[in-house]
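Enquirer: Structure: my_file-v3.cif, mmCIF, C-alpha atoms and all ligand atoms.
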data_target
#
loop_
_atom_site.label_atom_id
_atom_site.label_comp_id
_atom_site.auth_asym_id
_atom_site.auth_seq_id
_atom_site.Cartn_x
_atom_site.Cartn_y
_atom_site.Cartn_z
CA MET A 1 -40.74 -11.71 27.91
CA ALA A 2 -43.59 -12.45 30.31
CA HIS A 3 -45.85 -12.41 27.26
CA ASP A 4 -43.83 -15.08 25.41
CA LEU A 5 -43.70 -17.22 28.53
CA ALA A 6 -47.47 -16.97 28.99
CA VAL A 7 -48.03 -17.98 25.36
CA ARG A 8 -45.71 -20.99 25.67
CA LEU A 9 -47.27 -22.16 28.94
CA GLY A 10 -50.77 -21.57 27.57
CA ASP A 11 -50.10 -23.36 24.28
CA ASP A 12 -48.51 -26.39 25.97
CA ALA A 13 -51.53 -26.72 28.24
CA LEU A 14 -54.09 -26.11 25.50
CA ILE A 15 -52.64 -28.56 22.97
CA LEU A 16 -51.96 -31.36 25.45
CA GLY A 17 -55.36 -30.73 27.07
CA HIS A 18 -57.01 -31.15 23.67
CA ARG A 19 -55.06 -34.34 22.99
CA LEU A 20 -56.28 -35.79 26.29
CA SER A 21 -59.86 -34.83 25.47
CA GLU A 22 -59.58 -37.15 22.45
CA TRP A 23 -59.57 -40.05 24.93
CA CYS A 24 -63.09 -39.19 26.09
CA GLY A 25 -65.13 -42.38 25.64
CA HIS A 26 -62.13 -44.38 24.38
CA ALA A 27 -59.92 -45.05 27.41
CA PRO A 28 -59.26 -48.66 28.53
CA THR A 29 -61.52 -48.33 31.58
CA LEU A 30 -64.10 -45.87 32.88
CA GLU A 31 -61.76 -44.76 35.68
CA LEU A 32 -59.01 -43.99 33.17
CA ASP A 33 -61.45 -42.19 30.94
CA LEU A 34 -62.29 -39.94 33.89
CA ALA A 35 -58.64 -39.53 34.82
CA LEU A 36 -57.39 -38.57 31.36
CA THR A 37 -60.25 -36.16 30.70
CA ASN A 38 -59.91 -34.60 34.16
CA ILE A 39 -56.23 -33.97 33.50
CA GLY A 40 -57.21 -32.50 30.14
CA LEU A 41 -59.77 -30.27 31.85
CA ASP A 42 -57.19 -28.97 34.34
CA LEU A 43 -54.83 -28.21 31.45
CA ILE A 44 -57.47 -26.42 29.40
CA GLY A 45 -58.33 -24.34 32.48
CA GLN A 46 -54.66 -23.43 32.86
CA ALA A 47 -54.51 -22.58 29.15
CA GLN A 48 -57.44 -20.21 29.56
CA LEU A 49 -55.63 -18.38 32.38
CA PHE A 50 -52.23 -18.20 30.69
CA LEU A 51 -53.61 -17.23 27.27
CA GLY A 52 -55.87 -14.66 28.93
CA LEU A 53 -52.77 -13.13 30.46
CA ALA A 54 -50.90 -13.25 27.13
CA ALA A 55 -53.81 -11.61 25.31
CA ALA A 56 -54.04 -8.81 27.88
CA ALA A 57 -50.26 -8.26 27.70
CA GLU A 58 -50.29 -7.92 23.92
CA GLY A 59 -53.04 -5.29 24.22
CA GLU A 60 -54.59 -5.79 20.81
CA GLY A 61 -58.10 -6.48 22.03
CA ARG A 62 -57.82 -10.25 21.70
CA ASP A 63 -58.85 -12.66 24.45
CA ALA A 64 -57.89 -16.23 25.35
CA ASP A 65 -60.44 -17.66 22.91
CA ALA A 66 -59.07 -15.55 20.06
CA LEU A 67 -55.57 -16.88 20.74
CA ALA A 68 -56.80 -20.47 20.98
CA TYR A 69 -59.15 -20.47 18.00
CA ARG A 70 -57.90 -17.83 15.58
CA ARG A 71 -54.22 -18.55 15.20
CA THR A 72 -52.63 -20.80 12.57
CA GLU A 73 -50.12 -23.47 13.52
CA ASP A 74 -47.02 -21.36 12.85
CA ALA A 75 -48.18 -18.95 15.60
CA PHE A 76 -48.43 -21.70 18.22
CA GLN A 77 -45.45 -22.01 20.55
CA ASN A 78 -46.21 -25.31 22.29
CA CYS A 79 -43.50 -27.93 22.63
CA LEU A 80 -43.59 -30.74 20.07
CA LEU A 81 -44.15 -33.34 22.80
CA ALA A 82 -47.58 -31.86 23.61
CA GLU A 83 -48.90 -32.24 20.05
CA GLN A 84 -47.80 -35.85 19.54
CA PRO A 85 -50.72 -38.16 18.73
CA ASN A 86 -52.06 -40.24 21.61
CA GLY A 87 -50.99 -43.60 20.17
CA ASP A 88 -51.94 -46.38 22.57
CA PHE A 89 -52.53 -45.87 26.30
CA ALA A 90 -48.86 -46.53 27.11
CA ARG A 91 -47.68 -43.81 24.74
CA THR A 92 -50.17 -41.36 26.21
CA ILE A 93 -48.87 -42.23 29.68
CA ALA A 94 -45.25 -41.84 28.54
CA ARG A 95 -46.04 -38.39 27.11
CA GLN A 96 -47.88 -37.36 30.29
CA PHE A 97 -45.16 -38.66 32.56
CA LEU A 98 -42.34 -36.85 30.75
CA PHE A 99 -44.36 -33.65 30.35
CA SER A 100 -45.94 -33.42 33.82
CA ALA A 101 -42.62 -34.04 35.59
CA TRP A 102 -41.16 -31.11 33.64
CA GLN A 103 -44.23 -28.89 34.00
CA GLU A 104 -44.36 -29.43 37.76
CA LEU A 105 -40.70 -28.38 38.16
CA LEU A 106 -41.24 -25.31 35.99
CA LEU A 107 -44.47 -24.18 37.68
CA ARG A 108 -42.96 -24.67 41.13
CA ARG A 109 -40.24 -22.17 40.18
CA LEU A 110 -42.65 -19.78 38.53
CA ALA A 111 -44.89 -19.77 41.61
CA ASP A 112 -42.12 -17.72 43.23
CA ALA A 113 -41.43 -15.62 40.12
CA ALA A 114 -41.22 -11.84 40.20
CA ASP A 115 -44.12 -11.55 37.75
CA GLN A 116 -47.09 -11.74 40.11
CA GLU A 117 -49.69 -12.66 37.51
CA ILE A 118 -47.62 -15.57 36.20
CA ALA A 119 -46.85 -16.56 39.80
CA ALA A 120 -50.54 -16.59 40.78
CA ILE A 121 -51.51 -18.92 37.92
CA ALA A 122 -48.45 -21.11 38.43
CA GLY A 123 -49.13 -21.40 42.16
CA LYS A 124 -52.63 -22.61 41.45
CA ALA A 125 -51.72 -24.88 38.52
CA VAL A 126 -48.82 -26.61 40.27
CA LYS A 127 -51.22 -28.22 42.74
CA GLU A 128 -53.09 -29.80 39.84
CA VAL A 129 -49.95 -30.79 37.96
CA THR A 130 -48.40 -32.48 41.01
CA TYR A 131 -51.41 -34.77 40.93
CA HIS A 132 -51.01 -35.41 37.17
CA ALA A 133 -47.32 -36.24 37.62
CA SER A 134 -48.05 -38.75 40.36
CA PHE A 135 -50.84 -40.38 38.34
CA ALA A 136 -48.63 -40.75 35.26
CA ALA A 137 -45.62 -42.01 37.23
CA GLY A 138 -47.86 -44.61 38.91
CA TRP A 139 -48.94 -45.92 35.52
CA VAL A 140 -45.39 -46.00 34.12
CA VAL A 141 -44.53 -48.32 37.02
CA ARG A 142 -47.68 -50.41 36.62
CA LEU A 143 -47.18 -50.88 32.89
CA GLY A 144 -43.39 -51.25 33.00
CA ASP A 145 -43.58 -53.72 35.87
CA GLY A 146 -46.70 -55.45 34.51
CA THR A 147 -47.05 -58.09 31.82
CA ALA A 148 -44.59 -58.74 29.00
CA GLU A 149 -46.98 -56.93 26.67
CA SER A 150 -47.48 -53.85 28.87
CA HIS A 151 -43.71 -53.70 29.44
CA GLN A 152 -43.05 -53.72 25.69
CA ARG A 153 -45.67 -51.10 25.05
CA MET A 154 -44.26 -48.83 27.76
CA ILE A 155 -40.83 -49.10 26.14
CA ALA A 156 -42.29 -48.27 22.74
CA GLY A 157 -44.20 -45.30 24.20
CA LEU A 158 -41.10 -43.87 25.85
CA ASP A 159 -39.07 -44.44 22.68
CA TRP A 160 -41.61 -42.48 20.65
CA CYS A 161 -41.62 -39.52 23.03
CA TRP A 162 -37.96 -39.39 23.98
CA ARG A 163 -36.67 -37.35 21.01
CA PHE A 164 -39.02 -34.49 21.94
CA THR A 165 -37.80 -34.12 25.54
CA GLY A 166 -34.68 -32.07 24.77
CA GLU A 167 -36.86 -29.21 23.58
CA LEU A 168 -38.40 -28.87 27.04
CA PHE A 169 -35.12 -27.52 28.38
CA GLU A 170 -34.68 -24.73 25.84
CA ASP A 171 -35.75 -21.12 26.40
CA GLY A 172 -34.50 -20.59 29.92
CA CYS A 173 -35.45 -24.04 31.21
CA ALA A 174 -31.95 -25.59 31.15
CA ALA A 175 -31.72 -25.44 34.95
CA LEU A 176 -34.60 -27.91 35.29
CA ARG A 177 -32.70 -30.69 33.52
CA THR A 178 -30.80 -32.27 36.41
CA GLU A 179 -33.81 -32.57 38.65
CA TRP A 180 -35.99 -33.85 35.81
CA ASP A 181 -33.41 -36.50 34.86
CA ALA A 182 -33.25 -37.68 38.48
CA ARG A 183 -37.03 -37.93 38.77
CA VAL A 184 -37.46 -39.75 35.48
CA ASP A 185 -34.61 -42.16 36.24
CA LYS A 186 -36.09 -42.98 39.64
CA VAL A 187 -39.50 -43.87 38.24
CA LEU A 188 -38.04 -45.84 35.33
CA ALA A 189 -35.89 -47.83 37.73
CA GLN A 190 -38.96 -48.60 39.82
CA ALA A 191 -40.74 -49.71 36.64
CA GLY A 192 -37.85 -51.99 35.61
CA LEU A 193 -37.24 -49.88 32.51
CA ASP A 194 -34.03 -48.43 31.12
CA ALA A 195 -33.95 -44.82 30.00
CA PRO A 196 -34.12 -44.76 26.20
CA GLU A 197 -30.82 -44.37 24.37
CA PRO A 198 -29.88 -40.74 23.73
CA VAL A 199 -31.27 -39.72 20.35
CA ARG A 200 -30.90 -36.68 18.17
CA GLY A 201 -33.62 -34.39 19.42
CA ILE A 202 -36.29 -32.72 17.32
CA THR A 203 -37.10 -29.12 18.16
CA GLY A 204 -38.72 -26.00 16.72
CA GLY A 205 -42.14 -25.93 18.38
CA ARG A 206 -41.30 -22.85 20.43
CA ARG A 207 -40.59 -21.02 17.15
CA GLY A 208 -43.72 -22.20 15.39
CA ARG A 209 -42.15 -25.07 13.42
CA HIS A 210 -44.46 -27.94 14.15
CA SER A 211 -45.08 -31.50 13.04
CA GLU A 212 -47.98 -32.08 10.66
CA HIS A 213 -49.95 -33.42 13.65
CA LEU A 214 -50.65 -29.94 14.99
CA GLY A 215 -52.43 -28.82 11.82
CA HIS A 216 -54.80 -31.78 12.04
CA LEU A 217 -55.43 -31.10 15.71
CA LEU A 218 -56.21 -27.43 15.06
CA ALA A 219 -58.49 -28.31 12.15
CA GLN A 220 -60.67 -30.18 14.61
CA MET A 221 -60.31 -27.83 17.58
CA GLN A 222 -60.86 -24.63 15.62
CA TYR A 223 -63.53 -25.82 13.22
CA LEU A 224 -66.58 -24.51 15.03
CA PRO A 225 -65.35 -21.00 15.94
CA ARG A 226 -63.95 -20.55 12.44
CA ALA A 227 -67.11 -21.80 10.73
CA TYR A 228 -69.36 -19.74 13.02
CA PRO A 229 -67.27 -16.70 14.00
CA ASP A 230 -70.04 -15.10 16.05
CA ALA A 231 -70.77 -18.21 18.12
CA VAL A 232 -70.40 -17.66 21.88
CA TRP A 233 -70.37 -20.05 24.84
CA MET B 1 -69.25 4.24 56.03
CA SER B 2 -68.96 3.65 59.76
CA ALA B 3 -67.41 0.44 61.01
CA THR B 4 -70.67 -0.96 62.30
CA ILE B 5 -72.50 -0.37 59.03
CA ALA B 6 -69.61 -1.95 57.09
CA GLU B 7 -69.59 -4.91 59.48
CA ARG B 8 -73.33 -5.30 59.20
CA LEU B 9 -73.12 -5.25 55.40
CA ALA B 10 -70.34 -7.84 55.40
CA ALA B 11 -72.34 -10.06 57.76
CA ARG B 12 -75.37 -9.69 55.51
CA ILE B 13 -73.34 -10.61 52.42
CA TYR B 14 -72.00 -13.72 54.17
CA GLU B 15 -75.52 -14.64 55.16
CA ILE B 16 -76.77 -14.23 51.57
CA LEU B 17 -73.89 -16.19 50.06
CA GLY B 18 -74.18 -18.81 52.80
CA ALA B 19 -77.43 -19.77 51.09
CA VAL B 20 -75.83 -20.16 47.64
CA PRO B 21 -75.21 -23.88 47.09
CA ASP B 22 -72.18 -25.24 45.26
CA PRO B 23 -73.59 -26.29 41.86
CA GLU B 24 -71.93 -29.73 41.93
CA ILE B 25 -72.29 -30.53 45.64
CA PRO B 26 -75.48 -28.68 46.55
CA VAL B 27 -75.45 -29.71 50.23
CA ILE B 28 -72.73 -27.20 51.01
CA SER B 29 -72.64 -23.49 50.28
CA VAL B 30 -69.98 -21.57 48.38
CA VAL B 31 -69.00 -19.99 51.73
CA GLU B 32 -68.50 -23.39 53.42
CA LEU B 33 -66.46 -24.57 50.43
CA GLY B 34 -64.08 -21.64 50.95
CA ILE B 35 -64.75 -20.19 47.50
CA VAL B 36 -65.89 -16.89 49.02
CA ARG B 37 -62.52 -15.77 50.27
CA ALA B 38 -63.28 -12.34 51.65
CA VAL B 39 -65.79 -9.54 51.83
CA ARG B 40 -63.97 -6.22 51.76
CA ALA B 41 -65.83 -3.26 53.17
CA GLY B 42 -65.73 -0.06 51.18
CA VAL B 43 -67.64 1.83 48.54
CA PRO B 44 -68.41 -0.34 46.75
CA ALA B 45 -67.97 -3.43 48.92
CA VAL B 46 -66.07 -6.22 47.18
CA VAL B 47 -66.74 -9.95 47.38
CA VAL B 48 -63.58 -11.90 46.55
CA ILE B 49 -64.07 -15.38 45.16
CA THR B 50 -61.52 -17.97 44.06
CA PRO B 51 -61.84 -20.96 41.73
CA THR B 52 -61.17 -24.45 43.09
CA TYR B 53 -59.56 -26.02 39.99
CA SER B 54 -58.35 -24.03 36.96
CA GLY B 55 -60.64 -25.91 34.60
CA CYS B 56 -63.58 -26.51 36.90
CA PRO B 57 -66.74 -25.94 34.83
CA ALA B 58 -68.62 -25.01 38.01
CA THR B 59 -66.62 -21.78 38.28
CA VAL B 60 -68.77 -19.96 35.73
CA ALA B 61 -71.97 -21.21 37.38
CA ILE B 62 -70.69 -20.12 40.80
CA ASN B 63 -69.84 -16.61 39.58
CA LYS B 64 -73.32 -16.27 38.10
CA ALA B 65 -75.03 -17.64 41.22
CA VAL B 66 -73.11 -15.27 43.51
CA ARG B 67 -73.95 -12.30 41.30
CA ALA B 68 -77.61 -13.28 41.12
CA ALA B 69 -77.88 -13.78 44.90
CA LEU B 70 -76.44 -10.32 45.54
CA ASP B 71 -78.69 -8.73 42.91
CA ASP B 72 -81.78 -10.44 44.31
CA ALA B 73 -80.92 -9.07 47.75
CA GLY B 74 -80.75 -5.56 46.32
CA LEU B 75 -76.96 -5.40 46.47
CA ARG B 76 -76.35 -4.60 42.82
CA ASP B 77 -73.49 -2.23 43.59
CA VAL B 78 -71.45 -4.88 45.44
CA VAL B 79 -68.57 -5.91 43.17
CA VAL B 80 -67.61 -9.57 42.66
CA LYS B 81 -63.92 -10.09 41.97
CA THR B 82 -61.93 -13.26 41.23
CA GLU B 83 -58.49 -13.72 42.79
CA LEU B 84 -56.20 -16.71 42.14
CA SER B 85 -53.56 -16.08 44.77
CA PRO B 86 -53.16 -17.53 47.31
CA ALA B 87 -54.42 -20.64 45.57
CA TRP B 88 -57.54 -22.31 46.95
CA THR B 89 -56.89 -25.16 49.33
CA THR B 90 -59.20 -27.77 50.80
CA ASP B 91 -58.07 -26.45 54.21
CA TRP B 92 -60.56 -23.61 53.60
CA ILE B 93 -63.54 -25.95 53.70
CA SER B 94 -65.24 -25.10 56.99
CA ASP B 95 -65.97 -27.61 59.77
CA SER B 96 -69.70 -27.38 59.04
CA GLY B 97 -68.88 -27.97 55.35
CA ARG B 98 -66.87 -31.08 56.23
CA ALA B 99 -69.68 -32.47 58.37
CA LYS B 100 -72.21 -31.90 55.56
CA LEU B 101 -69.96 -33.57 52.99
CA LEU B 102 -69.65 -36.65 55.19
CA ALA B 103 -73.41 -36.82 55.77
CA TYR B 104 -73.89 -36.50 51.99
CA GLY B 105 -71.62 -39.52 51.40
CA ILE B 106 -68.41 -37.73 50.39
CA ALA B 107 -65.34 -38.31 52.56
CA PRO B 108 -64.02 -34.84 53.44
CA PRO B 109 -60.35 -34.02 52.76
CA GLU B 110 -57.91 -34.17 55.64
CA THR B 111 -56.32 -30.85 56.51
CA THR B 112 -52.68 -30.04 55.85
CA ALA B 113 -52.08 -30.16 59.61
CA GLU B 114 -53.61 -33.64 59.82
CA ARG B 115 -51.54 -34.78 56.85
CA ARG B 116 -48.34 -33.43 58.37
CA ALA B 117 -49.08 -35.20 61.64
CA ARG B 118 -48.75 -38.57 59.92
CA ARG B 119 -46.01 -39.64 57.54
CA ASP B 120 -48.06 -41.64 55.08
CA ALA B 121 -51.21 -40.61 53.24
CA ALA B 122 -54.20 -41.33 55.45
CA PRO B 123 -56.90 -43.66 54.16
CA ALA B 124 -60.29 -42.10 53.63
CA ILE B 125 -62.97 -42.77 56.23
CA CYS B 126 -65.96 -44.59 54.74
CA PRO B 127 -68.95 -42.20 54.92
CA GLN B 128 -71.33 -45.20 55.22
CA CYS B 129 -69.83 -47.26 58.06
CA GLY B 130 -67.00 -45.08 59.39
CA THR B 131 -64.16 -47.56 58.94
CA GLY B 132 -60.70 -46.52 57.81
CA ARG B 133 -60.26 -49.84 56.00
CA THR B 134 -60.69 -48.32 52.55
CA ALA B 135 -58.81 -48.28 49.26
CA GLU B 136 -58.43 -45.83 46.42
CA ILE B 137 -59.93 -47.03 43.13
CA SER B 138 -58.95 -44.03 41.04
CA GLN B 139 -57.15 -40.76 41.72
CA PHE B 140 -59.78 -39.00 39.59
CA GLY B 141 -63.53 -39.05 40.06
CA SER B 142 -66.79 -37.56 38.88
CA THR B 143 -65.64 -33.93 39.27
CA PRO B 144 -62.16 -32.33 39.32
CA CYS B 145 -62.22 -32.08 43.13
CA LYS B 146 -62.93 -35.73 43.91
CA ALA B 147 -61.22 -39.13 43.81
CA LEU B 148 -62.95 -42.52 43.76
CA TRP B 149 -62.58 -44.87 46.76
CA ARG B 150 -64.19 -48.03 48.05
CA CYS B 151 -64.82 -49.45 51.49
CA LEU B 152 -63.24 -52.81 52.34
CA GLU B 153 -65.75 -53.41 55.17
CA CYS B 154 -69.15 -52.53 53.71
CA ALA B 155 -67.95 -52.68 50.07
CA GLU B 156 -69.60 -49.38 49.13
CA PRO B 157 -67.80 -47.16 46.60
CA PHE B 158 -67.63 -43.50 47.55
CA ASP B 159 -66.20 -40.14 46.52
CA ARG B 160 -63.43 -38.51 48.46
CA PHE B 161 -62.48 -34.86 48.26
CA LYS B 162 -58.91 -34.63 46.92
CA CYS B 163 -56.62 -32.83 49.33
CA ILE B 164 -54.98 -29.86 47.63
ZN ZN C 301 -67.96 -48.77 54.74
#
Could you take the file, read its structure, and then write that structure out as structure tokens?
Expert:
Amino acid sequence: MAHDLAVRLGDDALILGHRLSEWCGHAPTLELDLALTNIGLDLIGQAQLFLGLAAAAEGEGRDADALAYRRTEDAFQNCLLAEQPNGDFARTIARQFLFSAWQELLLRRLADAADQEIAAIAGKAVKEVTYHASFAAGWVVRLGDGTAESHQRMIAGLDWCWRFTGELFEDGCAALRTEWDARVDKVLAQAGLDAPEPVRGITGGRRGRHSEHLGHLLAQMQYLPRAYPDAVW
Amino acid sequence: MSATIAERLAARIYEILGAVPDPEIPVISVVELGIVRAVRAGVPAVVVITPTYSGCPATVAINKAVRAALDDAGLRDVVVKTELSPAWTTDWISDSGRAKLLAYGIAPPETTAERRARRDAAPAICPQCGTGRTAEISQFGSTPCKALWRCLECAEPFDRFKCI
């Protein structure tokens, strides 16, 4: 139970952290380049802690690196939202906004969880994620309430991501839904945006059924440790 | 181990680690930054350290530097242990650490007590001219622990420690 939770939390953070690292050197401005990669760095740090915990719990002599670099896509349990391609800056912001708002609510609860190891990591990570959530919400407002072009792009970004949000509330997370809806609605209203129409959700990530995007991501992320199995940091 | 010997050892460890600079902000020590959380007397004595940010690349360098400083002082048997909880907060940066950050050109974080005392987020104080007429440029800066600000009086950009 605690093991599965640690894998899910670790995989979400690892995969989204890697996606954000793809912005390095490509973001619209230097400040945003630093922001996106710093968020990615926080997430990869959280992944290391959660996957380290998962590896210790499974007791098969694997470590966080083995879980990150030596599993195939059907063994990953991240949500589908995390693996979605970056698209343009607005889509990246939409993904971050929807994800961080959810992650912050979840980690805040887990910080008081009975499992002390999960609680310790969550208590640390939630401070970082609160910052991510406020950054992303700020940009949703700036883009939504900006030019006609930025407004359109923000709508398109939210539309792309929306079908993957239902999955976030599976696996014991249903209780987060009301508060998440309220938060998202508040920011969208501030941004002059309507919530996207309800759509039929796509799910399966938690059970290892992923979009083709994850395989491409792993091919890049895992190339070096798979090509040089004895390489160390 | 008698209390006085244990106390003397702890004081010595603090003194040794007080000379270990933070790898990214070398004007302050890992003790002033609040990374060295505790020295627990015992056999062996245990130094408890805590990371600032989960993904901070300096964490590995800090662990190595702490270990090396203890080894160099002949304290090979002192154990270094990492603990995450309670999570590191900028409130643990000492007053001397805050003063050194400011002199180095980094606006120190306000404490939780200071933040609670006012309703809105306080502006950073410009480390160059001391004015509070400043604005945030970016919530993220050159390292995970800093944000980027600029002064509206003297126009200098500067780093500010994020308050967590
Ligand atoms: Zn100034």
Enquirer: Closest to Ala219 of chain A among A:Gln48, A:Thr178, A:Ser21, A:Thr72, using all atoms listed in the file?
Expert: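 Selected residue with least distance to Ala219 of chain A: A:Thr72.
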Enquirer: Mind listing as a list of chain:residue names which residues of chain A are within 6 Å of chain B, counting all atoms listed in the file?
Expert: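 Interface list for chain A against chain B: A:Ala35, A:Leu41, A:Asp42, A:Gly45, A:Gln46, A:Ala120, A:Lys124.
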Enquirer: Using all atoms listed in the file, can you tell me which of B:Val39, B:Gly130, B:Ile125, B:Leu33 comes closest to Arg12 of chain B?
Expert: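 Among B:Val39, B:Gly130, B:Ile125, B:Leu33, it is B:Val39 that comes nearest to Arg12 of chain B.
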Enquirer: Kindly compile the residues surrounding ligand ZN 301 (chain C) within 8 Å, counting only C-alpha atoms and all ligand atoms, and format them as a PDB file with C-alpha atoms, in the coordinates of the input.
Expert:
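The file below, part_15.pdb, is the result:
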ATOM      1  CA  ILE B 125     -62.970 -42.770  56.230  1.00  0.00           C
ATOM      2  CA  CYS B 126     -65.960 -44.590  54.740  1.00  0.00           C
ATOM      3  CA  PRO B 127     -68.950 -42.200  54.920  1.00  0.00           C
ATOM      4  CA  GLN B 128     -71.330 -45.200  55.220  1.00  0.00           C
ATOM      5  CA  CYS B 129     -69.830 -47.260  58.060  1.00  0.00           C
ATOM      6  CA  GLY B 130     -67.000 -45.080  59.390  1.00  0.00           C
ATOM      7  CA  THR B 131     -64.160 -47.560  58.940  1.00  0.00           C
ATOM      8  CA  ARG B 133     -60.260 -49.840  56.000  1.00  0.00           C
ATOM      9  CA  THR B 134     -60.690 -48.320  52.550  1.00  0.00           C
ATOM     10  CA  ARG B 150     -64.190 -48.030  48.050  1.00  0.00           C
ATOM     11  CA  CYS B 151     -64.820 -49.450  51.490  1.00  0.00           C
ATOM     12  CA  LEU B 152     -63.240 -52.810  52.340  1.00  0.00           C
ATOM     13  CA  GLU B 153     -65.750 -53.410  55.170  1.00  0.00           C
ATOM     14  CA  CYS B 154     -69.150 -52.530  53.710  1.00  0.00           C
ATOM     15  CA  ALA B 155     -67.950 -52.680  50.070  1.00  0.00           C
ATOM     16  CA  GLU B 156     -69.600 -49.380  49.130  1.00  0.00           C
TER      17      GLU B 156
END
Enquirer: Report, in Å with one decimal, the straight-line distance from atom CA of Arg206 of chain A to atom CA of Ala136 of chain A.
Expert: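 Atom-to-atom, atom CA of Arg206 of chain A and atom CA of Ala136 of chain A are spaced 24.4 Å apart.
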Enquirer: Find the residues near Asp91 of chain B: any atom within 8 Å, counting all atoms listed in the file, skip ones fewer than 3 places away on the same chain, and give them as a VMD selection string.
Expert: chain B and resid 94 110 to 112
Enquirer: If you measure from atom CA of Gly25 of chain A to atom CA of Trp139 of chain A, what distance in Å do you get, rounded to one decimal?
Expert: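 Between atom CA of Gly25 of chain A and atom CA of Trp139 of chain A the gap works out to 19.3 Å.
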Enquirer: For atom CA of Leu176 of chain A and atom CA of Asn86 of chain A, quote the distance in Å rounded to one decimal.
Expert: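 Rounded to one decimal, the two atoms are 25.4 Å apart.
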Enquirer: Please determine, counting only C-alpha atoms, which residue among A:Ile202, A:Val129, A:Ala137, A:Leu5 has the shortest atom-to-atom distance to Thr165 of chain A.
Expert: A:Ile202
Enquirer: Pick out the residues sitting within 9 Å of segment 188-192 of chain A, and hand them over as a list in words; count only C-alpha atoms, and ignore anything fewer than 3 positions along from it in its own chain.
Expert: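 Counting only C-alpha atoms, the residues come to Ala137, Val140, Val141, Arg142, Leu143, Gly144, Asp145, Gly146, His151, Arg183, Val184, Asp185 and Ala195 of chain A.
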Enquirer: Pull C-alpha atoms from the residues just selected and write them as a compact mmCIF listing (two decimals), in the frame of the given file.
Expert:
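For reference, out_7.txt as written:
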# COMPACT_ATOMS: atom_id res chain seq x y z
CA ALA A 137 -45.62 -42.01 37.23
CA VAL A 140 -45.39 -46.00 34.12
CA VAL A 141 -44.53 -48.32 37.02
CA ARG A 142 -47.68 -50.41 36.62
CA LEU A 143 -47.18 -50.88 32.89
CA GLY A 144 -43.39 -51.25 33.00
CA ASP A 145 -43.58 -53.72 35.87
CA GLY A 146 -46.70 -55.45 34.51
CA HIS A 151 -43.71 -53.70 29.44
CA ARG A 183 -37.03 -37.93 38.77
CA VAL A 184 -37.46 -39.75 35.48
CA ASP A 185 -34.61 -42.16 36.24
CA ALA A 195 -33.95 -44.82 30.00
Enquirer: What are the centre and edge lengths in Å, to one decimal, of the axis-aligned box around all listed atoms of segment 87-103 of chain B with 3 Å added on each side, as AutoDock Vina command-line options?
Expert:
--center_x -63.9 --center_y -28.7 --center_z 52.7 --size_x 25.0 --size_y 22.2 --size_z 20.2
Enquirer: Can you pull out every residue within 8 Å of Arg160 of chain B, counting all atoms listed in the file, but drop anything in the same chain fewer than 2 positions away, and send it as a VMD selection string?
Expert: chain B and resid 106 to 109 124 146 to 149 158 162
Enquirer: Give me a file of those residues, with C-alpha atoms, as an mmCIF file, keeping the file's coordinate frame.
Expert:
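Below is the file that was written, out.cif:
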data_model
loop_
_atom_site.group_PDB
_atom_site.id
_atom_site.type_symbol
_atom_site.label_atom_id
_atom_site.label_comp_id
_atom_site.auth_asym_id
_atom_site.auth_seq_id
_atom_site.Cartn_x
_atom_site.Cartn_y
_atom_site.Cartn_z
ATOM 1 C CA ILE B 106 -68.410 -37.730 50.390
ATOM 2 C CA ALA B 107 -65.340 -38.310 52.560
ATOM 3 C CA PRO B 108 -64.020 -34.840 53.440
ATOM 4 C CA PRO B 109 -60.350 -34.020 52.760
ATOM 5 C CA ALA B 124 -60.290 -42.100 53.630
ATOM 6 C CA LYS B 146 -62.930 -35.730 43.910
ATOM 7 C CA ALA B 147 -61.220 -39.130 43.810
ATOM 8 C CA LEU B 148 -62.950 -42.520 43.760
ATOM 9 C CA TRP B 149 -62.580 -44.870 46.760
ATOM 10 C CA PHE B 158 -67.630 -43.500 47.550
ATOM 11 C CA LYS B 162 -58.910 -34.630 46.920
#
Enquirer: Rebuild segment 173-179 of chain A to N, CA and C atoms - output it as a short mmCIF file (atom, residue, chain, number, x, y, z; two decimals), in the frame of the given file, please.
Expert:
data_model
loop_
_atom_site.label_atom_id
_atom_site.label_comp_id
_atom_site.auth_asym_id
_atom_site.auth_seq_id
_atom_site.Cartn_x
_atom_site.Cartn_y
_atom_site.Cartn_z
N CYS A 173 -35.06 -22.92 30.34
CA CYS A 173 -35.45 -24.04 31.21
C CYS A 173 -34.30 -25.01 31.47
N ALA A 174 -33.09 -24.66 31.03
CA ALA A 174 -31.95 -25.59 31.15
C ALA A 174 -31.72 -26.03 32.60
N ALA A 175 -32.00 -25.13 33.54
CA ALA A 175 -31.72 -25.44 34.95
C ALA A 175 -32.62 -26.54 35.51
N LEU A 176 -33.69 -26.88 34.78
CA LEU A 176 -34.60 -27.91 35.29
C LEU A 176 -34.10 -29.31 34.99
N ARG A 177 -33.10 -29.40 34.09
CA ARG A 177 -32.70 -30.69 33.52
C ARG A 177 -32.25 -31.72 34.56
N THR A 178 -31.37 -31.31 35.46
CA THR A 178 -30.80 -32.27 36.41
C THR A 178 -31.89 -32.91 37.27
N GLU A 179 -32.77 -32.06 37.78
CA GLU A 179 -33.81 -32.57 38.65
C GLU A 179 -34.80 -33.46 37.88
#
